[in-house]
file data.pdb (PDB, C-alpha atoms)
ATOM      1  CA  MET A   1       0.000   0.000   0.000  1.00  0.00           C
ATOM      2  CA  SER A   2       1.343   3.414  -0.862  1.00  0.00           C
ATOM      3  CA  LEU A   3       1.552   6.263   1.620  1.00  0.00           C
ATOM      4  CA  PHE A   4      -1.045   8.175  -0.408  1.00  0.00           C
ATOM      5  CA  THR A   5      -3.507   5.258  -0.308  1.00  0.00           C
ATOM      6  CA  ALA A   6      -2.944   4.614   3.398  1.00  0.00           C
ATOM      7  CA  THR A   7      -3.408   8.242   4.375  1.00  0.00           C
ATOM      8  CA  LEU A   8      -6.413   8.792   2.124  1.00  0.00           C
ATOM      9  CA  SER A   9      -8.191   5.600   3.224  1.00  0.00           C
ATOM     10  CA  ALA A  10      -7.620   6.398   6.909  1.00  0.00           C
ATOM     11  CA  GLY A  11      -8.859   9.950   6.330  1.00  0.00           C
ATOM     12  CA  LEU A  12     -11.992   8.831   4.500  1.00  0.00           C
ATOM     13  CA  PHE A  13     -12.781   6.245   7.178  1.00  0.00           C
ATOM     14  CA  LEU A  14     -12.393   8.807   9.958  1.00  0.00           C
ATOM     15  CA  ALA A  15     -14.439  11.390   8.069  1.00  0.00           C
ATOM     16  CA  LEU A  16     -17.278   8.891   7.556  1.00  0.00           C
ATOM     17  CA  LEU A  17     -17.178   7.698  11.165  1.00  0.00           C
ATOM     18  CA  GLY A  18     -17.053  11.265  12.455  1.00  0.00           C
ATOM     19  CA  THR A  19     -19.916  12.334  10.211  1.00  0.00           C
ATOM     20  CA  ALA A  20     -22.038   9.431  11.458  1.00  0.00           C
ATOM     21  CA  LEU A  21     -21.404  10.446  15.074  1.00  0.00           C
ATOM     22  CA  LEU A  22     -21.853  14.125  14.262  1.00  0.00           C
ATOM     23  CA  SER A  23     -25.273  13.500  12.737  1.00  0.00           C
ATOM     24  CA  GLY A  24     -26.776  12.507  16.090  1.00  0.00           C
ATOM     25  CA  ASN A  25     -28.874   9.875  14.326  1.00  0.00           C
ATOM     26  CA  ARG A  26     -30.729   7.587  16.741  1.00  0.00           C
ATOM     27  CA  ALA A  27     -29.931   4.523  14.617  1.00  0.00           C
ATOM     28  CA  VAL A  28     -26.195   5.260  14.906  1.00  0.00           C
ATOM     29  CA  ASP A  29     -26.550   5.736  18.659  1.00  0.00           C
ATOM     30  CA  ALA A  30     -28.440   2.445  19.021  1.00  0.00           C
ATOM     31  CA  LEU A  31     -25.896   0.607  16.893  1.00  0.00           C
ATOM     32  CA  LEU A  32     -23.047   2.087  18.902  1.00  0.00           C
ATOM     33  CA  LYS A  33     -24.697   1.241  22.220  1.00  0.00           C
ATOM     34  CA  SER A  34     -25.277  -2.396  21.261  1.00  0.00           C
ATOM     35  CA  PHE A  35     -21.836  -2.845  19.674  1.00  0.00           C
ATOM     36  CA  PRO A  36     -19.748  -4.139  22.630  1.00  0.00           C
ATOM     37  CA  ARG A  37     -21.963  -7.203  23.191  1.00  0.00           C
ATOM     38  CA  SER A  38     -23.372  -7.628  19.692  1.00  0.00           C
ATOM     39  CA  GLN A  39     -23.358 -11.231  18.413  1.00  0.00           C
ATOM     40  CA  THR A  40     -23.221 -10.076  14.809  1.00  0.00           C
ATOM     41  CA  ALA A  41     -20.287  -7.770  15.471  1.00  0.00           C
ATOM     42  CA  THR A  42     -18.591 -10.560  17.415  1.00  0.00           C
ATOM     43  CA  TYR A  43     -18.830 -13.033  14.561  1.00  0.00           C
ATOM     44  CA  LEU A  44     -17.832 -10.446  11.988  1.00  0.00           C
ATOM     45  CA  LEU A  45     -14.974  -8.696  13.815  1.00  0.00           C
ATOM     46  CA  PHE A  46     -13.530 -11.460  15.979  1.00  0.00           C
ATOM     47  CA  GLY A  47     -13.991 -13.981  13.179  1.00  0.00           C
ATOM     48  CA  SER A  48     -12.219 -11.692  10.700  1.00  0.00           C
ATOM     49  CA  ALA A  49      -9.393 -10.960  13.136  1.00  0.00           C
ATOM     50  CA  SER A  50      -8.981 -14.667  13.850  1.00  0.00           C
ATOM     51  CA  LEU A  51      -8.882 -15.593  10.172  1.00  0.00           C
ATOM     52  CA  TRP A  52      -6.399 -12.826   9.383  1.00  0.00           C
ATOM     53  CA  PHE A  53      -4.195 -13.865  12.320  1.00  0.00           C
ATOM     54  CA  LEU A  54      -4.349 -17.527  11.266  1.00  0.00           C
ATOM     55  CA  HIS A  55      -3.371 -16.490   7.741  1.00  0.00           C
ATOM     56  CA  GLU A  56      -0.369 -14.633   9.142  1.00  0.00           C
ATOM     57  CA  ILE A  57       0.635 -17.721  11.117  1.00  0.00           C
ATOM     58  CA  TRP A  58       0.220 -19.982   8.102  1.00  0.00           C
ATOM     59  CA  THR A  59       2.548 -17.792   6.020  1.00  0.00           C
ATOM     60  CA  LEU A  60       5.336 -17.514   8.625  1.00  0.00           C
ATOM     61  CA  SER A  61       8.848 -17.835   7.288  1.00  0.00           C
ATOM     62  CA  PRO A  62      11.226 -20.431   8.768  1.00  0.00           C
ATOM     63  CA  ALA A  63      12.955 -17.640  10.674  1.00  0.00           C
ATOM     64  CA  ASP A  64       9.709 -16.812  12.488  1.00  0.00           C
ATOM     65  CA  PHE A  65       8.739 -20.217  13.895  1.00  0.00           C
ATOM     66  CA  GLY A  66       7.864 -21.269  10.345  1.00  0.00           C
ATOM     67  CA  ASP A  67       8.856 -24.875  11.061  1.00  0.00           C
ATOM     68  CA  TYR A  68       6.059 -25.024  13.620  1.00  0.00           C
ATOM     69  CA  HIS A  69       3.472 -23.025  11.725  1.00  0.00           C
ATOM     70  CA  VAL A  70       1.061 -25.968  11.411  1.00  0.00           C
ATOM     71  CA  LEU A  71       1.160 -26.581  15.170  1.00  0.00           C
ATOM     72  CA  LEU A  72       0.736 -22.867  15.897  1.00  0.00           C
ATOM     73  CA  PHE A  73      -2.075 -22.623  13.346  1.00  0.00           C
ATOM     74  CA  PHE A  74      -4.125 -25.346  15.010  1.00  0.00           C
ATOM     75  CA  PHE A  75      -3.350 -24.118  18.532  1.00  0.00           C
ATOM     76  CA  PHE A  76      -4.453 -20.532  17.857  1.00  0.00           C
ATOM     77  CA  GLY A  77      -7.371 -21.732  15.741  1.00  0.00           C
ATOM     78  CA  ALA A  78      -8.596 -23.757  18.711  1.00  0.00           C
ATOM     79  CA  VAL A  79      -8.095 -20.801  21.059  1.00  0.00           C
ATOM     80  CA  ALA A  80     -10.119 -18.561  18.726  1.00  0.00           C
ATOM     81  CA  ALA A  81     -12.911 -21.106  18.369  1.00  0.00           C
ATOM     82  CA  LEU A  82     -13.086 -21.723  22.107  1.00  0.00           C
ATOM     83  CA  ALA A  83     -13.186 -17.963  22.800  1.00  0.00           C
ATOM     84  CA  PHE A  84     -16.611 -17.804  21.144  1.00  0.00           C
ATOM     85  CA  TYR A  85     -17.979 -20.207  23.735  1.00  0.00           C
ATOM     86  CA  TYR A  86     -15.998 -19.520  26.902  1.00  0.00           C
ATOM     87  CA  VAL A  87     -15.335 -15.755  26.707  1.00  0.00           C
ATOM     88  CA  PRO A  88     -18.280 -14.301  24.759  1.00  0.00           C
ATOM     89  CA  ASP A  89     -18.529 -11.011  26.686  1.00  0.00           C
ATOM     90  CA  PHE A  90     -17.143  -8.033  24.788  1.00  0.00           C
ATOM     91  CA  LEU A  91     -15.661 -10.280  22.111  1.00  0.00           C
ATOM     92  CA  ALA A  92     -16.682  -7.719  19.484  1.00  0.00           C
ATOM     93  CA  VAL A  93     -14.446  -5.147  21.160  1.00  0.00           C
ATOM     94  CA  ARG A  94     -11.566  -7.620  21.283  1.00  0.00           C
ATOM     95  CA  GLY A  95     -12.147  -8.455  17.626  1.00  0.00           C
ATOM     96  CA  LEU A  96     -12.045  -4.780  16.702  1.00  0.00           C
ATOM     97  CA  ALA A  97      -8.843  -4.379  18.710  1.00  0.00           C
ATOM     98  CA  GLY A  98      -7.319  -7.368  16.944  1.00  0.00           C
ATOM     99  CA  LEU A  99      -8.273  -6.045  13.517  1.00  0.00           C
ATOM    100  CA  ILE A 100      -6.779  -2.654  14.314  1.00  0.00           C
ATOM    101  CA  LEU A 101      -3.545  -4.263  15.489  1.00  0.00           C
ATOM    102  CA  LEU A 102      -3.315  -6.393  12.357  1.00  0.00           C
ATOM    103  CA  ALA A 103      -4.175  -3.479  10.057  1.00  0.00           C
ATOM    104  CA  ALA A 104      -1.659  -1.159  11.700  1.00  0.00           C
ATOM    105  CA  TRP A 105       1.283  -2.946  10.110  1.00  0.00           C
ATOM    106  CA  PRO A 106       0.457  -2.086   6.454  1.00  0.00           C
ATOM    107  CA  PHE A 107      -0.282   1.518   7.423  1.00  0.00           C
ATOM    108  CA  LEU A 108       3.005   1.891   9.268  1.00  0.00           C
ATOM    109  CA  GLN A 109       4.887   0.067   6.544  1.00  0.00           C
ATOM    110  CA  SER A 110       3.560   2.527   3.956  1.00  0.00           C
ATOM    111  CA  ALA A 111       5.341   5.381   5.757  1.00  0.00           C
ATOM    112  CA  TYR A 112       8.531   3.458   6.542  1.00  0.00           C
ATOM    113  CA  MET A 113      11.758   5.247   5.570  1.00  0.00           C
ATOM    114  CA  LEU A 114       9.922   8.117   3.852  1.00  0.00           C
ATOM    115  CA  TYR A 115      11.579  10.756   5.968  1.00  0.00           C
ATOM    116  CA  GLN A 116      11.316  13.395   3.266  1.00  0.00           C
ATOM    117  CA  TYR A 117       7.570  13.618   3.988  1.00  0.00           C
ATOM    118  CA  GLU A 118       7.246  15.054   7.465  1.00  0.00           C
ATOM    119  CA  GLN A 119       3.466  15.236   7.091  1.00  0.00           C
ATOM    120  CA  ARG A 120       3.420  11.394   7.195  1.00  0.00           C
ATOM    121  CA  LEU A 121       3.521  11.818  10.968  1.00  0.00           C
ATOM    122  CA  PHE A 122      -0.154  12.800  10.946  1.00  0.00           C
ATOM    123  CA  LEU A 123      -0.939   9.242   9.825  1.00  0.00           C
ATOM    124  CA  VAL A 124       1.772   7.480  11.825  1.00  0.00           C
ATOM    125  CA  SER A 125       0.900   9.238  15.090  1.00  0.00           C
ATOM    126  CA  PHE A 126      -2.753   8.346  14.657  1.00  0.00           C
ATOM    127  CA  VAL A 127      -1.888   4.701  13.953  1.00  0.00           C
ATOM    128  CA  TYR A 128       0.275   4.523  17.089  1.00  0.00           C
ATOM    129  CA  LEU A 129      -2.592   6.007  19.094  1.00  0.00           C
ATOM    130  CA  LEU A 130      -4.887   3.303  17.697  1.00  0.00           C
ATOM    131  CA  ILE A 131      -2.341   0.631  18.624  1.00  0.00           C
ATOM    132  CA  PHE A 132      -2.231   1.924  22.189  1.00  0.00           C
ATOM    133  CA  LEU A 133      -6.031   2.070  22.420  1.00  0.00           C
ATOM    134  CA  SER A 134      -6.361  -1.414  20.918  1.00  0.00           C
ATOM    135  CA  LEU A 135      -3.992  -2.918  23.447  1.00  0.00           C
ATOM    136  CA  TRP A 136      -5.812  -1.136  26.249  1.00  0.00           C
ATOM    137  CA  LEU A 137      -9.279  -2.117  25.027  1.00  0.00           C
ATOM    138  CA  GLY A 138      -8.157  -5.669  24.311  1.00  0.00           C
ATOM    139  CA  ALA A 139      -7.181  -6.007  27.955  1.00  0.00           C
ATOM    140  CA  GLN A 140     -10.138  -4.046  29.339  1.00  0.00           C
ATOM    141  CA  PRO A 141     -12.933  -4.224  26.752  1.00  0.00           C
ATOM    142  CA  PHE A 142     -15.567  -2.986  29.190  1.00  0.00           C
ATOM    143  CA  ARG A 143     -13.934   0.444  28.913  1.00  0.00           C
ATOM    144  CA  MET A 144     -15.429   0.836  25.439  1.00  0.00           C
ATOM    145  CA  ARG A 145     -18.891   0.258  26.869  1.00  0.00           C
ATOM    146  CA  ASP A 146     -18.166   2.854  29.545  1.00  0.00           C
ATOM    147  CA  PHE A 147     -16.917   5.341  26.935  1.00  0.00           C
ATOM    148  CA  ILE A 148     -19.981   4.830  24.757  1.00  0.00           C
ATOM    149  CA  GLU A 149     -22.271   5.334  27.762  1.00  0.00           C
ATOM    150  CA  TRP A 150     -20.345   8.479  28.757  1.00  0.00           C
ATOM    151  CA  MET A 151     -20.554   9.808  25.205  1.00  0.00           C
ATOM    152  CA  GLN A 152     -24.293   9.167  24.946  1.00  0.00           C
ATOM    153  CA  ARG A 153     -25.213  10.717  28.295  1.00  0.00           C
ATOM    154  CA  ARG A 154     -25.100  14.127  26.654  1.00  0.00           C
ATOM    155  CA  PRO A 155     -25.672  14.521  22.901  1.00  0.00           C
ATOM    156  CA  ALA A 156     -23.060  17.276  22.722  1.00  0.00           C
ATOM    157  CA  ARG A 157     -20.335  14.788  23.690  1.00  0.00           C
ATOM    158  CA  GLY A 158     -21.105  12.491  20.783  1.00  0.00           C
ATOM    159  CA  ARG A 159     -21.173  15.422  18.391  1.00  0.00           C
ATOM    160  CA  THR A 160     -17.878  16.703  19.772  1.00  0.00           C
ATOM    161  CA  VAL A 161     -16.200  13.335  19.339  1.00  0.00           C
ATOM    162  CA  GLY A 162     -17.719  13.029  15.871  1.00  0.00           C
ATOM    163  CA  GLY A 163     -16.575  16.519  14.940  1.00  0.00           C
ATOM    164  CA  LEU A 164     -13.025  15.806  16.090  1.00  0.00           C
ATOM    165  CA  LEU A 165     -12.900  12.537  14.154  1.00  0.00           C
ATOM    166  CA  ALA A 166     -14.360  14.135  11.028  1.00  0.00           C
ATOM    167  CA  ALA A 167     -11.964  17.078  11.228  1.00  0.00           C
ATOM    168  CA  TYR A 168      -8.937  14.792  11.613  1.00  0.00           C
ATOM    169  CA  GLY A 169     -10.229  12.659   8.745  1.00  0.00           C
ATOM    170  CA  VAL A 170     -10.476  15.719   6.513  1.00  0.00           C
ATOM    171  CA  LEU A 171      -6.969  16.734   7.610  1.00  0.00           C
ATOM    172  CA  LEU A 172      -5.641  13.298   6.637  1.00  0.00           C
ATOM    173  CA  CYS A 173      -7.399  13.518   3.259  1.00  0.00           C
ATOM    174  CA  VAL A 174      -5.784  16.893   2.603  1.00  0.00           C
ATOM    175  CA  VAL A 175      -2.379  15.619   3.778  1.00  0.00           C
ATOM    176  CA  ALA A 176      -2.657  12.623   1.408  1.00  0.00           C
ATOM    177  CA  PHE A 177      -2.553  14.980  -1.573  1.00  0.00           C
ATOM    178  CA  THR A 178       0.656  16.665  -0.385  1.00  0.00           C
ATOM    179  CA  TYR A 179       2.929  13.661  -0.980  1.00  0.00           C
TER     180      TYR A 179
END
call {"tool": "encode", "arguments": {"input": "data.pdb", "output": "structure tokens"}}
result
Amino acid sequence: MSLFTATLSAGLFLALLGTALLSGNRAVDALLKSFPRSQTATYLLFGSASLWFLHEIWTLSPADFGDYHVLLFFFFGAVAALAFYYVPDFLAVRGLAGLILLAAWPFLQSAYMLYQYEQRLFLVSFVYLLIFLSLWLGAQPFRMRDFIEWMQRRPARGRTVGGLLAAYGVLLCVVAFTY
């Protein structure tokens, strides 16, 4: 992925997410409130993160435990399958965190060694913030529920968060065209 594509796609995603929150639509609020314990989101997000992670394990090189990739594949596949049954609470949040962690690598790799573009730091800093939040939410997924409840207690909070996300998304879209 090129730096232009990475920055533009992150900017468009943030702008769309921010606009949805900024709208104050009741359907968006209901979807957001049900997200942490949603079965559909669990199967979609945790399932996608598990499949992506298993793909990464399957394609390990010999230098990265590649000689044991079949054993690792089945071990982590069993862990992922058993998580659906034994740890179902907030599995959607953990799946989202896993997807963000897996997706961070291509975004960071797109900016690697491109020191001539200082504006790449707008993307890279945001990706590192997402990595931190994903690790934190992966360990304490109930915090996302608490944040959503805090945000929805007052409509102005949701609009503020949405406005900030949309503004940073627009900034990333503008920055993408400066490379």
call {"tool": "resolve_selection", "arguments": {"input": "data.pdb", "expression": "the PyMOL selection byres ((chain A and resi 178) around 9)", "output": "PDB file with C-alpha atoms, in the frame of the given file"}}
result
ATOM      1  CA  PHE A   4      -1.045   8.175  -0.408  1.00  0.00           C
ATOM      2  CA  TYR A 117       7.570  13.618   3.988  1.00  0.00           C
ATOM      3  CA  GLN A 119       3.466  15.236   7.091  1.00  0.00           C
ATOM      4  CA  VAL A 174      -5.784  16.893   2.603  1.00  0.00           C
ATOM      5  CA  VAL A 175      -2.379  15.619   3.778  1.00  0.00           C
ATOM      6  CA  ALA A 176      -2.657  12.623   1.408  1.00  0.00           C
ATOM      7  CA  PHE A 177      -2.553  14.980  -1.573  1.00  0.00           C
ATOM      8  CA  TYR A 179       2.929  13.661  -0.980  1.00  0.00           C
TER       9      TYR A 179
END
call {"tool": "residues_around", "arguments": {"input": "data.pdb", "residues": "His69 (chain A)", "least_positions_apart": "6", "cutoff": "12 Å", "atoms": "only C-alpha atoms", "output": "list in words"}}
result
Phe53, Leu54, His55, Glu56, Ile57, Trp58, Thr59, Leu60, Ser61, Pro62, Ala63, Phe75, Phe76 and Gly77 of chain A
call {"tool": "closest_residue", "arguments": {"input": "data.pdb", "among": "A:Phe122, A:Phe132, A:Phe90, A:Tyr85", "to": "Leu172 (chain A)", "atoms": "all atoms listed in the file"}}
result
A:Phe122
call {"tool": "resolve_selection", "arguments": {"input": "data.pdb", "expression": "the PyMOL selection byres ((chain A and resi 101) around 12)", "output": "ChimeraX atom specification"}}
result
/A:49-50,52-53,94-100,102-108,127-138
call {"tool": "residues_around", "arguments": {"input": "data.pdb", "residues": "Glu149 (chain A)", "least_positions_apart": "2", "cutoff": "12 Å", "atoms": "all atoms listed in the file", "output": "PyMOL selection string"}}
result
chain A and resi 29-30+32-36+142-147+151-155+157-158
call {"tool": "closest_residue", "arguments": {"input": "data.pdb", "among": "A:Thr7, A:Leu51, A:Phe65, A:Tyr168", "to": "Ala78 (chain A)", "atoms": "all atoms listed in the file"}}
result
A:Leu51
call {"tool": "closest_residue", "arguments": {"input": "data.pdb", "among": "A:Leu164, A:Ile148, A:Val93, A:Ala139", "to": "Tyr43 (chain A)", "atoms": "all atoms listed in the file"}}
result
A:Val93
call {"tool": "atom_distance", "arguments": {"input": "data.pdb", "atom1": "CA of Ala20 (chain A)", "atom2": "CA of Gln140 (chain A)"}}
result
25.4 Å
call {"tool": "closest_residue", "arguments": {"input": "data.pdb", "among": "A:Tyr68, A:Trp150, A:Phe13, A:Phe84", "to": "Thr42 (chain A)", "atoms": "all atoms listed in the file"}}
result
A:Phe84
call {"tool": "atom_distance", "arguments": {"input": "data.pdb", "atom1": "CA of Leu16 (chain A)", "atom2": "CA of Arg159 (chain A)"}}
result
13.2 Å
call {"tool": "atom_distance", "arguments": {"input": "data.pdb", "atom1": "CA of Pro141 (chain A)", "atom2": "CA of Val124 (chain A)"}}
result
24.0 Å
